[in-house]
>>> print(open('coords-v1.csv').read())   # CSV, C-alpha atoms
chain,number,residue,atom,x,y,z
A,1,MET,CA,-4.8,-162.9,42.6
A,2,LEU,CA,-6.7,-160.1,40.9
A,3,LEU,CA,-4.2,-157.6,42.2
A,4,THR,CA,-1.3,-159.6,40.8
A,5,PHE,CA,-2.9,-159.7,37.4
A,6,TYR,CA,-3.5,-156.0,37.4
A,7,LEU,CA,0.1,-155.2,38.3
A,8,LEU,CA,1.3,-157.6,35.6
A,9,PHE,CA,-1.0,-155.8,33.0
A,10,ILE,CA,0.4,-152.4,34.0
A,11,GLY,CA,4.0,-153.7,33.8
A,12,LEU,CA,3.4,-155.0,30.3
A,13,HIS,CA,1.8,-151.7,29.2
A,14,VAL,CA,4.7,-149.7,30.5
A,15,SER,CA,7.3,-151.9,29.0
A,16,GLU,CA,5.7,-151.4,25.6
A,17,GLY,CA,6.5,-147.7,25.6
A,18,CYS,CA,6.1,-145.8,22.3
A,19,ILE,CA,4.9,-147.7,19.3
A,20,LEU,CA,5.5,-145.6,16.1
A,21,VAL,CA,2.8,-145.0,13.6
A,22,ASN,CA,3.9,-145.8,10.0
A,23,ARG,CA,7.0,-147.6,11.4
A,24,SER,CA,9.5,-148.8,8.8
A,25,GLU,CA,7.4,-147.1,6.1
A,26,SER,CA,8.5,-144.3,3.7
A,27,LEU,CA,6.3,-141.2,3.3
A,28,ARG,CA,6.5,-138.7,0.5
A,29,ILE,CA,5.8,-135.0,1.1
A,30,THR,CA,6.0,-132.0,-1.3
A,31,ALA,CA,6.6,-128.4,-0.1
A,32,TYR,CA,7.6,-125.1,-1.6
A,33,THR,CA,10.6,-122.8,-1.2
A,34,GLY,CA,10.0,-120.1,1.3
A,35,GLY,CA,7.3,-122.0,3.1
A,36,SER,CA,7.2,-124.5,6.0
A,37,VAL,CA,6.7,-128.3,6.2
A,38,LEU,CA,5.8,-130.7,9.0
A,39,LEU,CA,7.5,-134.0,9.0
A,40,PRO,CA,5.1,-136.4,10.9
A,41,CYS,CA,6.3,-138.8,13.5
A,42,TYR,CA,4.3,-139.9,16.6
A,43,CYS,CA,3.5,-142.7,18.9
A,44,THR,CA,0.2,-144.4,18.8
A,45,ASP,CA,-0.5,-143.0,22.2
A,46,LEU,CA,0.3,-139.3,22.1
A,47,HIS,CA,0.7,-139.3,25.9
A,48,THR,CA,3.4,-141.9,25.8
A,49,LYS,CA,6.9,-140.6,25.9
A,50,PRO,CA,9.7,-142.7,24.3
A,51,GLN,CA,11.7,-144.3,27.1
A,52,THR,CA,15.0,-144.5,25.1
A,53,GLY,CA,14.9,-141.2,23.3
A,54,PHE,CA,14.6,-140.3,19.7
A,55,THR,CA,16.4,-138.3,17.0
A,56,TRP,CA,15.8,-136.8,13.5
A,57,LYS,CA,18.4,-137.5,10.8
A,58,TYR,CA,19.0,-136.2,7.3
A,59,ASN,CA,20.6,-138.4,4.6
A,60,THR,CA,23.6,-136.6,3.3
A,61,LYS,CA,25.0,-139.2,0.9
A,62,GLY,CA,24.4,-142.9,0.4
A,63,ASP,CA,24.1,-144.5,3.9
A,64,GLU,CA,25.4,-141.5,5.7
A,65,TRP,CA,23.0,-139.8,8.0
A,66,GLU,CA,23.5,-136.5,9.9
A,67,LYS,CA,21.7,-135.6,13.0
A,68,ILE,CA,19.4,-132.5,12.6
A,69,SER,CA,19.8,-129.8,15.2
A,70,SER,CA,18.6,-126.2,15.4
A,71,GLU,CA,22.3,-125.4,16.2
A,72,SER,CA,23.6,-126.9,13.0
A,73,GLY,CA,24.5,-124.7,10.0
A,74,GLN,CA,21.9,-125.7,7.5
A,75,TYR,CA,19.0,-125.8,9.9
A,76,ARG,CA,20.0,-123.1,12.3
A,77,ASP,CA,16.9,-121.5,13.9
A,78,ARG,CA,14.7,-123.2,11.3
A,79,VAL,CA,13.6,-126.5,13.0
A,80,GLN,CA,11.6,-127.2,16.1
A,81,LEU,CA,9.6,-130.0,17.6
A,82,VAL,CA,5.8,-129.6,18.1
A,83,ASN,CA,5.3,-131.8,21.1
A,84,GLY,CA,4.5,-129.1,23.6
A,85,GLN,CA,1.5,-130.8,25.1
A,86,SER,CA,1.8,-134.3,23.6
A,87,GLN,CA,4.9,-136.2,24.6
A,88,GLY,CA,4.2,-138.8,22.0
A,89,ASN,CA,4.2,-136.3,19.1
A,90,LEU,CA,7.7,-136.3,17.7
A,91,SER,CA,7.0,-134.4,14.5
A,92,LEU,CA,9.5,-131.9,13.1
A,93,LEU,CA,8.7,-128.5,11.7
A,94,ILE,CA,11.1,-126.9,9.2
A,95,SER,CA,10.6,-123.3,8.2
A,96,HIS,CA,11.9,-121.0,5.4
A,97,LEU,CA,12.5,-124.0,3.1
A,98,THR,CA,15.1,-123.9,0.5
A,99,GLU,CA,15.7,-126.3,-2.4
A,100,GLU,CA,18.6,-127.7,-0.5
A,101,ASP,CA,16.2,-129.0,2.2
A,102,GLY,CA,14.8,-131.6,-0.2
A,103,GLY,CA,15.9,-135.2,0.4
A,104,GLN,CA,15.4,-138.1,2.8
A,105,TYR,CA,14.7,-137.8,6.5
A,106,GLN,CA,14.2,-140.4,9.2
A,107,CYS,CA,12.6,-140.2,12.6
A,108,TYR,CA,14.5,-142.8,14.7
A,109,VAL,CA,13.3,-144.1,18.1
A,110,GLN,CA,15.9,-146.3,19.8
A,111,ALA,CA,14.9,-149.9,20.2
A,112,VAL,CA,11.5,-149.1,18.6
A,113,GLY,CA,12.1,-148.3,14.9
A,114,ASN,CA,12.1,-145.5,12.5
A,115,VAL,CA,9.9,-143.7,9.9
A,116,TYR,CA,11.4,-142.6,6.6
A,117,ILE,CA,10.2,-139.4,4.8
A,118,THR,CA,11.2,-138.2,1.3
A,119,LEU,CA,10.8,-134.4,1.1
A,120,THR,CA,10.6,-132.7,-2.3
A,121,VAL,CA,11.0,-128.9,-2.2
A,122,LYS,CA,9.8,-127.1,-5.3
A,123,GLY,CA,11.6,-123.9,-6.1
A,124,CYS,CA,10.8,-121.1,-8.5
A,125,THR,CA,11.9,-121.7,-12.1
A,126,LEU,CA,10.8,-118.7,-14.3
A,127,ILE,CA,8.5,-119.4,-17.2
A,128,ASN,CA,8.2,-117.6,-20.5
A,129,LEU,CA,11.8,-116.5,-20.7
A,130,LYS,CA,11.2,-114.8,-24.0
A,131,SER,CA,11.6,-111.0,-24.2
A,132,GLN,CA,8.4,-109.0,-24.1
A,133,THR,CA,7.6,-105.5,-25.3
A,134,ILE,CA,4.9,-103.5,-23.5
A,135,THR,CA,3.4,-100.2,-24.8
A,136,ALA,CA,2.4,-97.7,-22.2
A,137,HIS,CA,1.4,-94.0,-21.8
A,138,ILE,CA,3.2,-91.3,-19.9
A,139,GLY,CA,1.3,-90.6,-16.7
A,140,GLY,CA,-0.3,-94.0,-16.6
A,141,SER,CA,0.7,-97.3,-15.1
A,142,VAL,CA,2.2,-100.5,-16.4
A,143,LEU,CA,2.5,-104.1,-15.0
A,144,LEU,CA,5.7,-106.0,-15.8
A,145,PRO,CA,4.9,-109.7,-15.7
A,146,CYS,CA,7.1,-112.3,-13.9
A,147,SER,CA,5.9,-115.4,-12.1
A,148,CYS,CA,6.9,-118.9,-10.9
A,149,PRO,CA,5.2,-122.0,-12.5
A,150,ASP,CA,3.5,-122.6,-9.1
A,151,LEU,CA,2.1,-119.4,-7.6
A,152,HIS,CA,2.4,-121.0,-4.1
A,153,THR,CA,6.2,-121.1,-4.4
A,154,THR,CA,8.1,-118.3,-2.7
A,155,PRO,CA,11.5,-117.8,-4.3
A,156,GLU,CA,14.5,-117.6,-1.9
A,157,GLU,CA,15.3,-114.2,-3.4
A,158,PHE,CA,14.6,-112.3,-6.6
A,159,THR,CA,15.3,-108.9,-8.0
A,160,TRP,CA,13.9,-106.4,-10.6
A,161,GLU,CA,16.6,-104.4,-12.5
A,162,LYS,CA,16.6,-101.7,-15.1
A,163,ARG,CA,19.3,-101.3,-17.8
A,164,ASN,CA,21.3,-98.0,-17.4
A,165,ILE,CA,22.2,-97.3,-21.0
A,166,PHE,CA,24.6,-94.5,-20.0
A,167,LYS,CA,26.6,-96.7,-17.6
A,168,SER,CA,26.0,-99.9,-19.5
A,169,ARG,CA,24.9,-101.9,-16.4
A,170,TRP,CA,21.9,-103.3,-14.7
A,171,GLU,CA,20.7,-101.4,-11.6
A,172,GLU,CA,18.3,-102.8,-9.0
A,173,ILE,CA,14.9,-101.1,-8.7
A,174,SER,CA,13.8,-100.0,-5.2
A,175,SER,CA,10.8,-98.0,-3.9
A,176,GLU,CA,13.3,-96.1,-1.9
A,177,SER,CA,15.4,-94.9,-4.9
A,178,ASP,CA,14.9,-91.4,-6.2
A,179,GLN,CA,13.5,-92.4,-9.6
A,180,TYR,CA,11.0,-94.9,-8.3
A,181,ARG,CA,10.2,-93.6,-4.8
A,182,ASP,CA,6.6,-94.5,-3.9
A,183,ARG,CA,5.8,-95.5,-7.5
A,184,VAL,CA,6.7,-99.3,-7.6
A,185,GLN,CA,5.1,-102.2,-5.8
A,186,LEU,CA,4.8,-106.0,-6.1
A,187,VAL,CA,1.3,-107.5,-6.6
A,188,ASN,CA,1.9,-110.9,-4.9
A,189,GLY,CA,-0.4,-110.3,-1.9
A,190,HIS,CA,-2.1,-113.7,-2.2
A,191,SER,CA,0.3,-115.5,-4.5
A,192,PRO,CA,3.9,-115.5,-3.3
A,193,GLY,CA,5.0,-116.9,-6.7
A,194,ASN,CA,3.6,-113.8,-8.5
A,195,LEU,CA,6.6,-111.5,-8.9
A,196,SER,CA,5.1,-109.0,-11.2
A,197,LEU,CA,6.1,-105.3,-10.8
A,198,LEU,CA,3.6,-102.4,-11.0
A,199,ILE,CA,5.0,-99.0,-11.9
A,200,SER,CA,2.7,-96.0,-11.6
A,201,HIS,CA,2.8,-92.3,-12.7
A,202,LEU,CA,5.1,-93.2,-15.6
A,203,THR,CA,7.6,-90.7,-17.0
A,204,GLU,CA,9.8,-90.7,-20.1
A,205,GLU,CA,12.8,-91.8,-18.0
A,206,ASP,CA,10.9,-95.1,-17.2
A,207,GLY,CA,11.1,-96.3,-20.7
A,208,GLY,CA,13.7,-99.0,-21.5
A,209,ASP,CA,14.7,-102.5,-20.7
A,210,TYR,CA,13.9,-104.3,-17.4
A,211,ARG,CA,14.6,-107.8,-16.1
A,212,CYS,CA,13.2,-110.1,-13.4
A,213,GLY,CA,15.6,-112.6,-11.9
A,214,VAL,CA,15.3,-115.4,-9.3
A,215,LYS,CA,18.6,-117.0,-10.1
A,216,GLN,CA,21.8,-115.7,-11.7
A,217,SER,CA,21.1,-117.8,-14.8
A,218,GLU,CA,17.3,-117.2,-15.1
A,219,HIS,CA,15.8,-113.8,-16.2
A,220,ILE,CA,12.7,-112.5,-17.8
A,221,TYR,CA,13.3,-109.4,-20.0
A,222,VAL,CA,10.7,-106.7,-20.6
A,223,ARG,CA,10.9,-103.5,-22.6
A,224,ILE,CA,8.6,-100.5,-22.1
A,225,ASN,CA,7.8,-98.3,-25.1
A,226,PHE,CA,5.7,-95.1,-24.9
A,227,GLU,CA,3.1,-93.9,-27.4
A,228,GLU,CA,0.9,-90.8,-27.4
A,229,ASP,CA,-2.3,-91.0,-25.4
A,230,PRO,CA,-5.1,-90.9,-28.1
A,231,SER,CA,-7.6,-89.5,-25.6
A,232,LYS,CA,-5.4,-86.5,-24.8
A,233,SER,CA,-4.6,-85.7,-28.4
A,234,THR,CA,-8.3,-85.8,-29.3
A,235,ALA,CA,-9.2,-83.4,-26.5
A,236,VAL,CA,-6.7,-80.9,-27.9
A,237,VAL,CA,-8.1,-81.1,-31.4
A,238,ASN,CA,-11.6,-80.5,-30.1
A,239,VAL,CA,-10.6,-77.3,-28.2
A,240,GLN,CA,-8.8,-75.9,-31.3
A,241,THR,CA,-11.9,-76.5,-33.6
A,242,ARG,CA,-14.7,-75.7,-31.1
A,243,PRO,CA,-16.3,-72.9,-33.3
A,244,THR,CA,-17.1,-75.4,-36.0
A,245,THR,CA,-20.3,-77.3,-36.1
A,246,SER,CA,-19.2,-80.3,-38.1
A,247,ILE,CA,-20.1,-83.8,-36.8
A,248,PRO,CA,-17.1,-85.4,-35.0
A,249,SER,CA,-15.4,-88.3,-36.8
A,250,SER,CA,-15.1,-91.8,-35.4
A,251,SER,CA,-11.5,-91.0,-34.3
A,252,SER,CA,-12.8,-88.7,-31.7
A,253,SER,CA,-15.1,-91.3,-30.1
A,254,SER,CA,-12.8,-91.5,-27.2
A,255,GLN,CA,-13.5,-87.9,-26.2
A,256,THR,CA,-14.8,-87.6,-22.6
A,257,PRO,CA,-18.4,-86.3,-21.9
A,258,GLU,CA,-16.8,-83.3,-20.0
A,259,GLY,CA,-14.8,-82.3,-23.1
A,260,THR,CA,-17.9,-82.5,-25.4
A,261,ALA,CA,-20.0,-80.5,-23.0
A,262,PHE,CA,-17.2,-77.8,-22.8
A,263,SER,CA,-16.9,-77.6,-26.6
A,264,GLN,CA,-20.7,-77.3,-27.0
A,265,THR,CA,-21.0,-74.6,-24.4
A,266,ALA,CA,-18.1,-72.6,-25.8
A,267,SER,CA,-19.6,-72.8,-29.3
A,268,LEU,CA,-23.0,-71.7,-28.0
A,269,GLU,CA,-21.5,-68.7,-26.2
A,270,PHE,CA,-19.6,-67.8,-29.3
A,271,PHE,CA,-22.7,-67.8,-31.5
A,272,ILE,CA,-24.7,-65.8,-29.0
A,273,PHE,CA,-22.0,-63.2,-28.4
A,274,ILE,CA,-21.3,-62.3,-32.0
A,275,PRO,CA,-25.0,-61.4,-33.0
A,276,VAL,CA,-25.3,-59.3,-29.8
A,277,LEU,CA,-22.1,-57.4,-30.6
A,278,LEU,CA,-23.3,-56.8,-34.2
A,279,LEU,CA,-26.7,-55.5,-33.0
A,280,LEU,CA,-25.0,-53.1,-30.6
A,281,ALA,CA,-22.7,-51.8,-33.4
A,282,VAL,CA,-25.7,-51.3,-35.8
A,283,GLY,CA,-27.7,-49.6,-33.1
A,284,GLY,CA,-24.8,-47.3,-32.3
A,285,VAL,CA,-24.5,-46.3,-36.0
A,286,PHE,CA,-28.2,-45.5,-36.3
A,287,TYR,CA,-28.2,-43.5,-33.1
A,288,TRP,CA,-25.2,-41.5,-34.2
A,289,ARG,CA,-26.9,-40.7,-37.5
A,290,TYR,CA,-30.1,-39.7,-35.8
A,291,ARG,CA,-28.3,-37.3,-33.4
A,292,ALA,CA,-26.5,-35.7,-36.3
A,293,GLY,CA,-29.7,-35.2,-38.2
A,294,GLN,CA,-31.3,-33.6,-35.2
A,295,ARG,CA,-28.4,-31.1,-34.8
A,296,ARG,CA,-28.6,-30.2,-38.5
A,297,VAL,CA,-32.4,-29.5,-38.3
A,298,GLN,CA,-31.9,-27.3,-35.3
A,299,MET,CA,-29.2,-25.3,-37.0
A,300,GLU,CA,-31.3,-24.7,-40.1
A,301,SER,CA,-34.4,-23.6,-38.0
A,302,GLY,CA,-32.2,-21.1,-36.1
A,303,GLU,CA,-30.9,-19.6,-39.3
A,304,GLN,CA,-34.4,-19.2,-40.7
A,305,ARG,CA,-35.7,-17.5,-37.5
A,306,GLY,CA,-32.7,-15.1,-37.6
A,307,ARG,CA,-33.4,-14.0,-41.2
A,308,LYS,CA,-37.1,-13.5,-40.5
A,309,GLU,CA,-36.5,-11.3,-37.5
A,310,GLN,CA,-34.0,-9.2,-39.4
A,311,GLY,CA,-36.5,-8.7,-42.2
A,312,THR,CA,-39.2,-7.6,-39.8
A,313,GLN,CA,-36.9,-5.0,-38.2
A,314,ASP,CA,-36.2,-3.5,-41.6
A,315,GLU,CA,-39.9,-2.8,-42.2
A,316,VAL,CA,-40.6,-1.0,-38.9
A,317,MET,CA,-41.0,2.8,-39.1
A,318,TYR,CA,-40.8,5.0,-36.2
A,319,SER,CA,-42.6,8.5,-36.2
A,320,THR,CA,-42.8,11.2,-33.7
A,321,VAL,CA,-46.2,12.9,-33.5
A,322,VAL,CA,-46.5,16.2,-31.6
A,323,HIS,CA,-49.9,17.2,-30.4
A,324,SER,CA,-50.6,20.7,-29.3
A,325,ASN,CA,-53.5,22.1,-27.5
A,326,THR,CA,-54.7,23.6,-30.7
A,327,ALA,CA,-57.6,21.7,-32.0
A,328,ARG,CA,-57.2,20.2,-35.3
A,329,THR,CA,-59.1,17.9,-37.5
A,330,PRO,CA,-57.6,14.5,-37.3
A,331,THR,CA,-56.1,13.3,-40.5
A,332,ALA,CA,-56.0,9.7,-41.4
A,333,THR,CA,-53.0,8.5,-43.3
A,334,ASP,CA,-53.3,5.5,-45.5
A,335,ALA,CA,-50.1,3.6,-45.1
A,336,GLY,CA,-51.1,0.9,-47.5
A,337,ASP,CA,-50.1,-2.5,-46.7
A,338,LYS,CA,-47.5,-1.2,-44.2
A,339,THR,CA,-48.1,-0.8,-40.5
A,340,GLU,CA,-46.9,2.3,-38.8
A,341,TYR,CA,-46.0,2.7,-35.2
A,342,ALA,CA,-46.1,6.1,-33.6
A,343,THR,CA,-44.9,7.4,-30.3
A,344,ILE,CA,-47.4,9.9,-28.9
A,345,ARG,CA,-46.2,12.4,-26.3
A,346,VAL,CA,-48.8,14.4,-24.5
A,347,ASN,CA,-47.8,17.8,-23.1
>>> encode(input="coords-v1.csv", output="structure tokens")
Amino acid sequence: MLLTFYLLFIGLHVSEGCILVNRSESLRITAYTGGSVLLPCYCTDLHTKPQTGFTWKYNTKGDEWEKISSESGQYRDRVQLVNGQSQGNLSLLISHLTEEDGGQYQCYVQAVGNVYITLTVKGCTLINLKSQTITAHIGGSVLLPCSCPDLHTTPEEFTWEKRNIFKSRWEEISSESDQYRDRVQLVNGHSPGNLSLLISHLTEEDGGDYRCGVKQSEHIYVRINFEEDPSKSTAVVNVQTRPTTSIPSSSSSSQTPEGTAFSQTASLEFFIFIPVLLLLAVGGVFYWRYRAGQRRVQMESGEQRGRKEQGTQDEVMYSTVVHSNTARTPTATDAGDKTEYATIRVN
């Protein structure tokens, strides 16, 4: 008796099969273009496999439903079931969503029921379509703004273009092109809906009109104008006027500390070098005059000595005195104030 009751219980349990969660109900799900969405459909017991099979359908028009398959055109290679380890999980995963994926879906289990799902796929509709003008500096960087209303939205496709005024046409910007090679990048690392473009190392050729577009009819226009970098112009003025000692005006407040230090050092060297040079010049003049005076004194002393020696030679008298063996009384001669020199020869 007990065995009969147990077998009857098992038979009833098996005959029940899959009982859908949210059967005959309609669910609403919102997703974003470029992303993925999971349409839920599962049995109350995830280990229970539907005995009669099941299908996913998409409402094309009115009461017309089309079976969804990874082999069909619209969903080719974009849909898959996620019931790998749970036979009762009938949920459908759709990847790389487009706005056309929005609409009504149903998970249908034969002889059991169905679950309806309304999917809304939000696309990217550009905001702030008014033209903008951005002022930049040559050699710097500039960010051209462009974004979707919801930053989680990934547009199906978008482009950045620049107006070629010589050919009167819009040309697509690429980091592989010669003009923008390794100078442009998108800044949407964490926000797929942020389509802003960063241009670095700006040149004069980068000036002009740009546009960001996600659809043929929606564009954001941005113009880049260049102006002189005030910090660079101030630095040039400081170099040209570095000998001055005037107090810098408020317009030069953007001068860098390195430029100020360079100007002060150059001025200090200038004011030290000029006095030293003047001292050397004055010292040279005094030394030249001193040497000239010494030479003139030496020449005058030489002339005086020459005249004195000549006068002395004129006053010298030479006499020859001959002495014989005859004795004579010596005679003294008074030469007055003159000195006489005599040569005495003894026979």
>>> closest_atom_pairs(input="coords-v1.csv", of="region 43-137 of chain A", to="region 142-165 of chain A", cutoff="10 Å", atoms="all atoms listed in the file", output="Markdown table")
| residue | atom | partner | partner_atom | distance |
| --- | --- | --- | --- | --- |
| A:His96 | CA | A:Glu156 | CA | 8.5 |
| A:Leu97 | CA | A:Glu156 | CA | 8.4 |
| A:Thr98 | CA | A:Glu156 | CA | 6.8 |
| A:Glu99 | CA | A:Glu156 | CA | 8.8 |
| A:Val121 | CA | A:Thr153 | CA | 9.4 |
| A:Lys122 | CA | A:Thr153 | CA | 7.1 |
| A:Gly123 | CA | A:Thr153 | CA | 6.3 |
| A:Cys124 | CA | A:Cys148 | CA | 5.1 |
| A:Thr125 | CA | A:Cys148 | CA | 5.9 |
| A:Leu126 | CA | A:Cys148 | CA | 5.2 |
| A:Ile127 | CA | A:Pro149 | CA | 6.3 |
| A:Asn128 | CA | A:Cys146 | CA | 8.5 |
| A:Leu129 | CA | A:Cys146 | CA | 9.3 |
| A:Gln132 | CA | A:Pro145 | CA | 9.1 |
| A:Thr133 | CA | A:Leu144 | CA | 9.7 |
| A:Ile134 | CA | A:Leu144 | CA | 8.1 |
| A:Thr135 | CA | A:Val142 | CA | 8.5 |
| A:Ala136 | CA | A:Val142 | CA | 6.4 |
| A:His137 | CA | A:Val142 | CA | 8.5 |
>>> atom_distance(input="coords-v1.csv", atom1="CA of Asn225 (chain A)", atom2="CA of Glu176 (chain A)")
23.9 Å
>>> atom_distance(input="coords-v1.csv", atom1="CA of Gly103 (chain A)", atom2="CA of Thr120 (chain A)")
6.5 Å
>>> closest_residue(input="coords-v1.csv", among="A:Thr118, A:Asn89, A:Ser131, A:Thr52", to="Arg223 (chain A)", atoms="only C-alpha atoms")
A:Ser131
>>> residues_around(input="coords-v1.csv", residues="region 63-77 of chain A", least_positions_apart="5", cutoff="10 Å", atoms="all atoms listed in the file", output="short mmCIF file (atom, residue, chain, number, x, y, z; two decimals) with C-alpha atoms, in the frame of the given file")
data_model
loop_
_atom_site.label_atom_id
_atom_site.label_comp_id
_atom_site.auth_asym_id
_atom_site.auth_seq_id
_atom_site.Cartn_x
_atom_site.Cartn_y
_atom_site.Cartn_z
CA THR A 55 16.40 -138.30 17.00
CA TRP A 56 15.80 -136.80 13.50
CA LYS A 57 18.40 -137.50 10.80
CA TYR A 58 19.00 -136.20 7.30
CA LEU A 92 9.50 -131.90 13.10
CA ILE A 94 11.10 -126.90 9.20
CA SER A 95 10.60 -123.30 8.20
CA HIS A 96 11.90 -121.00 5.40
CA LEU A 97 12.50 -124.00 3.10
CA THR A 98 15.10 -123.90 0.50
CA GLU A 100 18.60 -127.70 -0.50
CA ASP A 101 16.20 -129.00 2.20
CA GLN A 104 15.40 -138.10 2.80
CA TYR A 105 14.70 -137.80 6.50
CA GLN A 106 14.20 -140.40 9.20
#
>>> residues_around(input="coords-v1.csv", residues="Leu38 (chain A)", least_positions_apart="4", cutoff="10 Å", atoms="all atoms listed in the file", output="mmCIF file with C-alpha atoms, in the frame of the given file")
data_model
loop_
_atom_site.group_PDB
_atom_site.id
_atom_site.type_symbol
_atom_site.label_atom_id
_atom_site.label_comp_id
_atom_site.auth_asym_id
_atom_site.auth_seq_id
_atom_site.Cartn_x
_atom_site.Cartn_y
_atom_site.Cartn_z
ATOM 1 C CA ILE A 29 5.800 -135.000 1.100
ATOM 2 C CA ALA A 31 6.600 -128.400 -0.100
ATOM 3 C CA VAL A 79 13.600 -126.500 13.000
ATOM 4 C CA GLN A 80 11.600 -127.200 16.100
ATOM 5 C CA LEU A 81 9.600 -130.000 17.600
ATOM 6 C CA VAL A 82 5.800 -129.600 18.100
ATOM 7 C CA SER A 91 7.000 -134.400 14.500
ATOM 8 C CA LEU A 92 9.500 -131.900 13.100
ATOM 9 C CA LEU A 93 8.700 -128.500 11.700
ATOM 10 C CA ILE A 94 11.100 -126.900 9.200
ATOM 11 C CA SER A 95 10.600 -123.300 8.200
#
>>> atom_distance(input="coords-v1.csv", atom1="CA of Cys212 (chain A)", atom2="CA of Gly102 (chain A)")
25.3 Å
>>> residues_around(input="coords-v1.csv", residues="Val115 (chain A)", least_positions_apart="2", cutoff="10 Å", atoms="only C-alpha atoms", output="NGL selection string")
:A and (20-27 or 40-42 or 56 or 105-109 or 113 or 117)
>>> closest_residue(input="coords-v1.csv", among="A:Arg78, A:Thr33, A:Asn194, A:Gln87", to="Pro50 (chain A)", atoms="all atoms listed in the file")
A:Gln87
>>> closest_residue(input="coords-v1.csv", among="A:Ser177, A:Gly34, A:Val282, A:Arg295", to="Pro192 (chain A)", atoms="only C-alpha atoms")
A:Gly34
>>> residues_around(input="coords-v1.csv", residues="Leu202 (chain A)", least_positions_apart="4", cutoff="9 Å", atoms="all atoms listed in the file", output="PyMOL selection string")
chain A and resi 136-142+183+206-207
